[in-house]
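A quick write-up on the structure given underneath.
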Amino acid sequence: MSEENITRIQLGDKEIILIGTAHVSKKSAEQVKEVIEFEKPDSVCVELDEQRFQSIKDKNKWKEMDIFKVVKEKKATLLLMNLFISSFQKRLAKQFGIKPGQEMIQGIDSAKEIGATLVLADRNIQVTFARIWGGMGLVGKSKLLLGIFSGIFSNETISEEELEKMKSQDMLNSMLDEFTESFPQLKTPLIDERDQYLAQKIKDAPGKKVVAVLGAAHVPGIKEEIKKDHNLQALTKLPPKSKVPKMIGWAIPILILAIIGYTFYANPAAGLQQTISWILWNGSFAAIGAALAFGHPLSVVTAFVAAPISSLNPLMAAGWFAGIVQTYFKRPSVGDFESLSEDVFTVKGFWGNKVTRILLIVVLTNLGSTLGTVIGGADVIRVFLENI
């Protein structure tokens, strides 16, 4: 049996065997099967949480879920981030004729075949995303979103030889160095914290012999972290939300309302002019955004009606209302979402996919509403200054 990509650790009387894999490698899946069958461990740990395990276990249930329910259950962020991760993996998997995550599926199947305890060793993916997002500033968030969308539209291909090199530690360390230079905020929640979480779960797995199936990126960190004790509760705590954006978000509409209110008091005709200007600028630009996305006529009307009100309330967004209306009349399934990684390569596919249509409506309506707020707000101030 080849020892390549295998790390053996002895902790007291417990033997731990780490298999560093590339998530879309045929050889990784074959090696996982070979190692588990040869070693016959008491436990098999896989780099999955309960949510991702269930999506692998029951793919049809996931495909039948609709976007409206996903948004209502606040899983939209999970879907967006999964798109970033899976779009690249899907292209590689298609290139090499395998399923993404095949080595994890193999680990699950092999554990069942030999009667080993299966341990889902990774942290909940939504907790990881929340800790990533909460630890980034506005510039970092903008760069991350840009990276997500560039990843979605990228059509890069690599050779199988390059794919296998992804598992070597030297290559991996250089990749991580490059990765953290672009997004230094991501390394702690995405790599370091999960190394600690995975290490503790692997260490706590029952039995004297444990095999862990992991992405190669985690092996160097886990080798170090498994020697320490980690508090899993602290690693799953959600970060507190900053109050500054909320304060700014409320200050601007309060200022606009105060200006309009004072103008009404001083000159009712000018106050009416301000109100009409605010409604028309906000509503028109938001409606144009929804129309550019080819939204349902009622989505366009909703954008016009919602924008002047939502612009004065940070808890609301015109694009959200327009998107919900679009979803109601043109409700997609997650099956549509899963085809997104293919559809985004053509203009027809991007504008025709029901999921991307909703995303376009939400984004363009909000952009239109923001532009309308700037222009409308400037006009409100202009009228105010002319009448004081």
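Identifiers in the structure tokens: chain A, B, ... in order shown; residue index from 1 per chain; ligand index from 1 in order shown.
Near A:Asn124, within 6 Å and counting only C-alpha atoms, sit Asp49, Gln126 and Val127 of chain A, not including residues fewer than 2 positions from it in the same chain.
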Residues within 6 Å of A:Glu15, please, as a list in words. Count only C-alpha atoms; anything in the same chain fewer than 3 positions from it doesn't count.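 Contacts, with the query itself left out: Ile9, Gln10 and Lys209 of chain A.
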Point-to-point distance from atom CA of A:Gln196 to atom CA of A:Gly221, Å rounded to tenths: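 That distance, rounded to one decimal, is 7.8 Å.
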Leaving out A:Leu214 and any residue of its chain fewer than 2 positions from it, which residues lie within 9 Å of it when counting only C-alpha atoms, given as a ChimeraX atom specification? /A:18-23,45-47,103-104,212,216-219
Taking all heavy atoms for each residue, export the selection above as an mmCIF file, in the first residue's frame.
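File produced: again09.cif:
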data_model
loop_
_atom_site.group_PDB
_atom_site.id
_atom_site.type_symbol
_atom_site.label_atom_id
_atom_site.label_comp_id
_atom_site.auth_asym_id
_atom_site.auth_seq_id
_atom_site.Cartn_x
_atom_site.Cartn_y
_atom_site.Cartn_z
ATOM 1 N N LEU A 18 -4.022 10.111 8.740
ATOM 2 C CA LEU A 18 -4.600 11.199 7.952
ATOM 3 C C LEU A 18 -4.339 10.946 6.466
ATOM 4 O O LEU A 18 -3.202 10.701 6.063
ATOM 5 C CB LEU A 18 -3.985 12.545 8.348
ATOM 6 C CG LEU A 18 -3.955 12.923 9.835
ATOM 7 C CD1 LEU A 18 -3.303 14.293 10.005
ATOM 8 C CD2 LEU A 18 -5.367 12.929 10.417
ATOM 9 N N ILE A 19 -5.392 11.002 5.667
ATOM 10 C CA ILE A 19 -5.250 10.877 4.212
ATOM 11 C C ILE A 19 -5.496 12.263 3.614
ATOM 12 O O ILE A 19 -6.613 12.783 3.659
ATOM 13 C CB ILE A 19 -6.246 9.867 3.606
ATOM 14 C CG1 ILE A 19 -6.183 8.524 4.335
ATOM 15 C CG2 ILE A 19 -5.966 9.689 2.115
ATOM 16 C CD1 ILE A 19 -7.244 7.535 3.860
ATOM 17 N N GLY A 20 -4.445 12.874 3.050
ATOM 18 C CA GLY A 20 -4.586 14.189 2.408
ATOM 19 C C GLY A 20 -5.047 14.011 0.979
ATOM 20 O O GLY A 20 -4.375 13.368 0.173
ATOM 21 N N THR A 21 -6.215 14.575 0.658
ATOM 22 C CA THR A 21 -6.804 14.345 -0.669
ATOM 23 C C THR A 21 -6.992 15.646 -1.430
ATOM 24 O O THR A 21 -7.045 16.729 -0.864
ATOM 25 C CB THR A 21 -8.186 13.673 -0.546
ATOM 26 O OG1 THR A 21 -9.129 14.628 -0.025
ATOM 27 C CG2 THR A 21 -8.145 12.463 0.358
ATOM 28 N N ALA A 22 -7.107 15.528 -2.761
ATOM 29 C CA ALA A 22 -7.626 16.603 -3.608
ATOM 30 C C ALA A 22 -9.095 16.264 -3.821
ATOM 31 O O ALA A 22 -9.438 15.114 -4.108
ATOM 32 C CB ALA A 22 -6.881 16.664 -4.935
ATOM 33 N N HIS A 23 -9.979 17.264 -3.672
ATOM 34 C CA HIS A 23 -11.413 16.964 -3.619
ATOM 35 C C HIS A 23 -12.019 16.491 -4.940
ATOM 36 O O HIS A 23 -13.174 16.109 -4.980
ATOM 37 C CB HIS A 23 -12.174 18.169 -3.094
ATOM 38 C CG HIS A 23 -11.956 18.417 -1.629
ATOM 39 N ND1 HIS A 23 -12.103 17.432 -0.680
ATOM 40 C CD2 HIS A 23 -11.583 19.532 -0.956
ATOM 41 C CE1 HIS A 23 -11.846 17.934 0.515
ATOM 42 N NE2 HIS A 23 -11.518 19.199 0.383
ATOM 43 N N CYS A 45 -13.199 9.314 10.012
ATOM 44 C CA CYS A 45 -13.623 10.718 10.072
ATOM 45 C C CYS A 45 -13.597 11.302 8.662
ATOM 46 O O CYS A 45 -12.646 11.065 7.912
ATOM 47 C CB CYS A 45 -12.679 11.530 10.959
ATOM 48 S SG CYS A 45 -12.591 10.975 12.663
ATOM 49 N N VAL A 46 -14.624 12.045 8.308
ATOM 50 C CA VAL A 46 -14.657 12.691 6.999
ATOM 51 C C VAL A 46 -14.838 14.200 7.187
ATOM 52 O O VAL A 46 -15.460 14.650 8.153
ATOM 53 C CB VAL A 46 -15.787 12.127 6.102
ATOM 54 C CG1 VAL A 46 -15.484 10.707 5.686
ATOM 55 C CG2 VAL A 46 -17.140 12.212 6.793
ATOM 56 N N GLU A 47 -14.292 14.959 6.246
ATOM 57 C CA GLU A 47 -14.342 16.427 6.309
ATOM 58 C C GLU A 47 -15.703 16.921 5.812
ATOM 59 O O GLU A 47 -15.829 17.580 4.779
ATOM 60 C CB GLU A 47 -13.205 17.014 5.467
ATOM 61 C CG GLU A 47 -13.017 18.520 5.620
ATOM 62 C CD GLU A 47 -12.101 19.091 4.561
ATOM 63 O OE1 GLU A 47 -11.093 18.439 4.214
ATOM 64 O OE2 GLU A 47 -12.394 20.180 4.066
ATOM 65 N N GLU A 103 -14.064 11.334 -2.870
ATOM 66 C CA GLU A 103 -13.258 10.709 -1.814
ATOM 67 C C GLU A 103 -14.005 10.698 -0.489
ATOM 68 O O GLU A 103 -13.845 9.787 0.330
ATOM 69 C CB GLU A 103 -11.890 11.407 -1.695
ATOM 70 C CG GLU A 103 -11.844 12.671 -0.884
ATOM 71 C CD GLU A 103 -12.540 13.854 -1.545
ATOM 72 O OE1 GLU A 103 -13.107 13.713 -2.644
ATOM 73 O OE2 GLU A 103 -12.531 14.929 -0.953
ATOM 74 N N MET A 104 -14.876 11.706 -0.255
ATOM 75 C CA MET A 104 -15.686 11.721 0.965
ATOM 76 C C MET A 104 -16.783 10.650 0.891
ATOM 77 O O MET A 104 -17.060 9.942 1.861
ATOM 78 C CB MET A 104 -16.316 13.097 1.188
ATOM 79 C CG MET A 104 -15.301 14.208 1.416
ATOM 80 S SD MET A 104 -14.301 13.933 2.904
ATOM 81 C CE MET A 104 -12.919 15.025 2.569
ATOM 82 N N ALA A 212 -8.735 9.418 8.979
ATOM 83 C CA ALA A 212 -9.409 10.683 8.683
ATOM 84 C C ALA A 212 -9.180 11.045 7.218
ATOM 85 O O ALA A 212 -8.043 11.079 6.749
ATOM 86 C CB ALA A 212 -8.883 11.782 9.595
ATOM 87 N N ALA A 216 -6.144 18.119 1.502
ATOM 88 C CA ALA A 216 -4.718 18.219 1.812
ATOM 89 C C ALA A 216 -4.356 19.516 2.523
ATOM 90 O O ALA A 216 -3.399 19.563 3.290
ATOM 91 C CB ALA A 216 -3.908 18.097 0.519
ATOM 92 N N ALA A 217 -5.142 20.569 2.304
ATOM 93 C CA ALA A 217 -4.865 21.866 2.927
ATOM 94 C C ALA A 217 -4.862 21.798 4.454
ATOM 95 O O ALA A 217 -4.208 22.609 5.111
ATOM 96 C CB ALA A 217 -5.895 22.896 2.462
ATOM 97 N N HIS A 218 -5.599 20.841 5.004
ATOM 98 C CA HIS A 218 -5.741 20.768 6.462
ATOM 99 C C HIS A 218 -4.698 19.888 7.156
ATOM 100 O O HIS A 218 -4.541 19.965 8.369
ATOM 101 C CB HIS A 218 -7.144 20.257 6.826
ATOM 102 C CG HIS A 218 -8.228 21.215 6.461
ATOM 103 N ND1 HIS A 218 -8.432 22.393 7.130
ATOM 104 C CD2 HIS A 218 -9.167 21.163 5.483
ATOM 105 C CE1 HIS A 218 -9.441 23.029 6.581
ATOM 106 N NE2 HIS A 218 -9.901 22.309 5.579
ATOM 107 N N VAL A 219 -4.008 19.060 6.390
ATOM 108 C CA VAL A 219 -3.095 18.091 7.018
ATOM 109 C C VAL A 219 -1.966 18.752 7.816
ATOM 110 O O VAL A 219 -1.746 18.383 8.981
ATOM 111 C CB VAL A 219 -2.544 17.094 5.978
ATOM 112 C CG1 VAL A 219 -1.487 16.190 6.608
ATOM 113 C CG2 VAL A 219 -3.684 16.250 5.406
#
Could you pull the residues within 9 Å of stretch 112-119 of chain A, counting only C-alpha atoms, minus those fewer than 4 positions along the same chain, as a PDB file with N, CA and C atoms, in the first residue's frame?
ATOM      1  N   ILE A  36      -8.647   2.328   3.966  1.00  0.00           N
ATOM      2  CA  ILE A  36      -9.661   1.899   4.944  1.00  0.00           C
ATOM      3  C   ILE A  36      -9.798   0.379   4.947  1.00  0.00           C
ATOM      4  N   GLU A  37      -9.804  -0.230   3.758  1.00  0.00           N
ATOM      5  CA  GLU A  37      -9.925  -1.692   3.674  1.00  0.00           C
ATOM      6  C   GLU A  37      -8.692  -2.393   4.268  1.00  0.00           C
ATOM      7  N   LYS A  40      -8.554  -1.236   8.374  1.00  0.00           N
ATOM      8  CA  LYS A  40      -9.730  -1.630   9.152  1.00  0.00           C
ATOM      9  C   LYS A  40      -9.827  -0.837  10.480  1.00  0.00           C
ATOM     10  N   PRO A  41      -9.977   0.489  10.387  1.00  0.00           N
ATOM     11  CA  PRO A  41     -10.010   1.323  11.596  1.00  0.00           C
ATOM     12  C   PRO A  41     -11.307   1.156  12.381  1.00  0.00           C
ATOM     13  N   ASP A  42     -11.281   1.593  13.654  1.00  0.00           N
ATOM     14  CA  ASP A  42     -12.505   1.594  14.478  1.00  0.00           C
ATOM     15  C   ASP A  42     -13.425   2.748  14.059  1.00  0.00           C
ATOM     16  N   SER A  43     -12.813   3.873  13.631  1.00  0.00           N
ATOM     17  CA  SER A  43     -13.592   5.047  13.213  1.00  0.00           C
ATOM     18  C   SER A  43     -13.027   5.621  11.921  1.00  0.00           C
ATOM     19  N   VAL A  44     -13.921   6.182  11.112  1.00  0.00           N
ATOM     20  CA  VAL A  44     -13.524   6.915   9.908  1.00  0.00           C
ATOM     21  C   VAL A  44     -14.088   8.330  10.026  1.00  0.00           C
ATOM     22  N   CYS A  45     -13.199   9.314  10.012  1.00  0.00           N
ATOM     23  CA  CYS A  45     -13.623  10.718  10.072  1.00  0.00           C
ATOM     24  C   CYS A  45     -13.597  11.302   8.662  1.00  0.00           C
ATOM     25  N   VAL A  46     -14.624  12.045   8.308  1.00  0.00           N
ATOM     26  CA  VAL A  46     -14.657  12.691   6.999  1.00  0.00           C
ATOM     27  C   VAL A  46     -14.838  14.200   7.187  1.00  0.00           C
ATOM     28  N   GLU A  47     -14.292  14.959   6.246  1.00  0.00           N
ATOM     29  CA  GLU A  47     -14.342  16.427   6.309  1.00  0.00           C
ATOM     30  C   GLU A  47     -15.703  16.921   5.812  1.00  0.00           C
ATOM     31  N   LEU A  48     -16.737  16.577   6.579  1.00  0.00           N
ATOM     32  CA  LEU A  48     -18.110  16.981   6.274  1.00  0.00           C
ATOM     33  C   LEU A  48     -18.801  17.380   7.569  1.00  0.00           C
ATOM     34  N   GLY A 107     -15.195   7.428   1.521  1.00  0.00           N
ATOM     35  CA  GLY A 107     -14.939   7.253   2.951  1.00  0.00           C
ATOM     36  C   GLY A 107     -16.186   6.794   3.699  1.00  0.00           C
ATOM     37  N   ILE A 108     -17.322   7.379   3.358  1.00  0.00           N
ATOM     38  CA  ILE A 108     -18.600   7.009   3.983  1.00  0.00           C
ATOM     39  C   ILE A 108     -18.948   5.554   3.654  1.00  0.00           C
ATOM     40  N   LYS A 201     -12.102  16.759  16.831  1.00  0.00           N
ATOM     41  CA  LYS A 201     -13.088  15.721  16.494  1.00  0.00           C
ATOM     42  C   LYS A 201     -12.387  14.395  16.155  1.00  0.00           C
ATOM     43  N   ILE A 202     -11.262  14.474  15.452  1.00  0.00           N
ATOM     44  CA  ILE A 202     -10.504  13.262  15.108  1.00  0.00           C
ATOM     45  C   ILE A 202      -9.938  12.627  16.374  1.00  0.00           C
ATOM     46  N   ALA A 205     -12.590  10.806  18.319  1.00  0.00           N
ATOM     47  CA  ALA A 205     -13.270   9.691  17.642  1.00  0.00           C
ATOM     48  C   ALA A 205     -13.035   8.393  18.417  1.00  0.00           C
ATOM     49  N   PRO A 206     -14.073   7.539  18.526  1.00  0.00           N
ATOM     50  CA  PRO A 206     -13.939   6.312  19.318  1.00  0.00           C
ATOM     51  C   PRO A 206     -13.002   5.288  18.688  1.00  0.00           C
ATOM     52  N   GLY A 207     -12.363   4.484  19.551  1.00  0.00           N
ATOM     53  CA  GLY A 207     -11.514   3.391  19.079  1.00  0.00           C
ATOM     54  C   GLY A 207     -10.028   3.705  19.165  1.00  0.00           C
ATOM     55  N   ALA A 212      -8.735   9.418   8.979  1.00  0.00           N
ATOM     56  CA  ALA A 212      -9.409  10.683   8.683  1.00  0.00           C
ATOM     57  C   ALA A 212      -9.180  11.045   7.218  1.00  0.00           C
TER      58      ALA A 212
END
Go through A:Ser310, A:Thr356, A:Thr128, A:Gln102 one by one, measure the shortest atom-to-atom distance of each to A:Arg331 using only C-alpha atoms, and give the residue with the smallest value. A:Thr356
Counting only C-alpha atoms, closest pick from A:Val35, A:Val355, A:Ser369, A:Met316 relative to A:Ser333 is A:Val355
Residues near stretch 287-300 of chain A, anyone? I mean within 8 Å using only C-alpha atoms, not counting same-chain ones fewer than 3 positions away, as a ChimeraX atom specification. /A:283-284,303-304,321-323,325-326,329,351,357-358,360-362,364-368
Would you save the residues from that selection as a short mmCIF file (atom, residue, chain, number, x, y, z; two decimals), in the first residue's frame, using N, CA, C and O atoms?
data_model
loop_
_atom_site.label_atom_id
_atom_site.label_comp_id
_atom_site.auth_asym_id
_atom_site.auth_seq_id
_atom_site.Cartn_x
_atom_site.Cartn_y
_atom_site.Cartn_z
N GLY A 283 -38.04 55.23 -6.99
CA GLY A 283 -38.90 54.24 -7.64
C GLY A 283 -38.50 53.95 -9.08
O GLY A 283 -38.44 52.79 -9.50
N SER A 284 -38.18 55.02 -9.82
CA SER A 284 -37.87 54.86 -11.25
C SER A 284 -36.59 54.05 -11.46
O SER A 284 -36.55 53.12 -12.27
N ALA A 303 -40.80 46.91 -7.32
CA ALA A 303 -39.55 47.66 -7.15
C ALA A 303 -39.83 49.16 -7.05
O ALA A 303 -39.26 49.85 -6.20
N PHE A 304 -40.71 49.66 -7.91
CA PHE A 304 -41.05 51.10 -7.90
C PHE A 304 -41.70 51.51 -6.58
O PHE A 304 -41.36 52.54 -5.99
N PHE A 321 -37.90 42.60 -2.02
CA PHE A 321 -39.33 42.52 -2.33
C PHE A 321 -39.57 42.15 -3.79
O PHE A 321 -40.41 41.30 -4.10
N ALA A 322 -38.79 42.78 -4.68
CA ALA A 322 -38.94 42.47 -6.11
C ALA A 322 -38.56 41.02 -6.38
O ALA A 322 -39.21 40.33 -7.17
N GLY A 323 -37.51 40.54 -5.70
CA GLY A 323 -37.07 39.16 -5.87
C GLY A 323 -38.09 38.16 -5.36
O GLY A 323 -38.32 37.11 -5.98
N VAL A 325 -41.35 38.63 -5.21
CA VAL A 325 -42.47 38.62 -6.16
C VAL A 325 -42.09 37.79 -7.39
O VAL A 325 -42.90 36.98 -7.88
N GLN A 326 -40.86 37.97 -7.88
CA GLN A 326 -40.39 37.19 -9.02
C GLN A 326 -40.40 35.70 -8.69
O GLN A 326 -40.80 34.87 -9.51
N PHE A 329 -43.93 34.17 -8.83
CA PHE A 329 -44.50 33.92 -10.15
C PHE A 329 -43.62 33.00 -11.01
O PHE A 329 -44.13 32.33 -11.90
N TRP A 351 -29.18 34.73 -18.33
CA TRP A 351 -30.43 35.47 -18.22
C TRP A 351 -31.65 34.54 -18.23
O TRP A 351 -32.73 34.93 -17.80
N ARG A 357 -31.93 34.82 -12.76
CA ARG A 357 -32.90 35.90 -13.01
C ARG A 357 -33.30 36.57 -11.71
O ARG A 357 -33.34 37.80 -11.60
N ILE A 358 -33.56 35.78 -10.68
CA ILE A 358 -33.92 36.35 -9.37
C ILE A 358 -32.75 37.12 -8.78
O ILE A 358 -32.92 38.23 -8.27
N LEU A 360 -30.33 38.56 -10.40
CA LEU A 360 -30.20 39.80 -11.17
C LEU A 360 -31.21 40.84 -10.74
O LEU A 360 -30.89 42.02 -10.60
N ILE A 361 -32.46 40.40 -10.53
CA ILE A 361 -33.51 41.33 -10.11
C ILE A 361 -33.17 41.95 -8.76
O ILE A 361 -33.29 43.15 -8.56
N VAL A 362 -32.74 41.11 -7.82
CA VAL A 362 -32.39 41.61 -6.48
C VAL A 362 -31.24 42.61 -6.57
O VAL A 362 -31.32 43.72 -6.04
N LEU A 364 -29.84 44.28 -9.32
CA LEU A 364 -30.05 45.47 -10.14
C LEU A 364 -31.10 46.40 -9.54
O LEU A 364 -30.98 47.62 -9.66
N THR A 365 -32.11 45.83 -8.88
CA THR A 365 -33.10 46.67 -8.20
C THR A 365 -32.46 47.44 -7.07
O THR A 365 -32.69 48.65 -6.90
N ASN A 366 -31.63 46.76 -6.28
CA ASN A 366 -30.95 47.43 -5.16
C ASN A 366 -29.96 48.48 -5.66
O ASN A 366 -29.84 49.55 -5.06
N LEU A 367 -29.25 48.17 -6.75
CA LEU A 367 -28.33 49.16 -7.33
C LEU A 367 -29.11 50.39 -7.82
O LEU A 367 -28.69 51.53 -7.60
N GLY A 368 -30.24 50.13 -8.48
CA GLY A 368 -31.08 51.23 -8.95
C GLY A 368 -31.61 52.06 -7.80
O GLY A 368 -31.62 53.29 -7.84
#
Separation of atom CA of A:Leu371 from atom CA of A:Trp281 in Å: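 Between atom CA of A:Trp281 and atom CA of A:Leu371 the gap works out to 8.3 Å.
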Nearest to A:Ile279 by atom-to-atom distance, counting only C-alpha atoms, from A:Pro332, A:Gly101, A:Gly376, A:Gly261: A:Gly376
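Within stretch 3-64 of chain A, DSSP run on the backbone puts these residues in helix (DSSP H, G or I): Lys26, Lys27, Ser28, Ala29, Glu30, Gln31, Val32, Lys33, Glu34, Val35, Ile36, Glu37, Phe38, Glu39, Glu50, Gln51, Arg52, Phe53, Gln54, Ser55, Ile56, Lys57, Lys59, Asn60, Lys61, Trp62, Lys63 and Glu64 of chain A.
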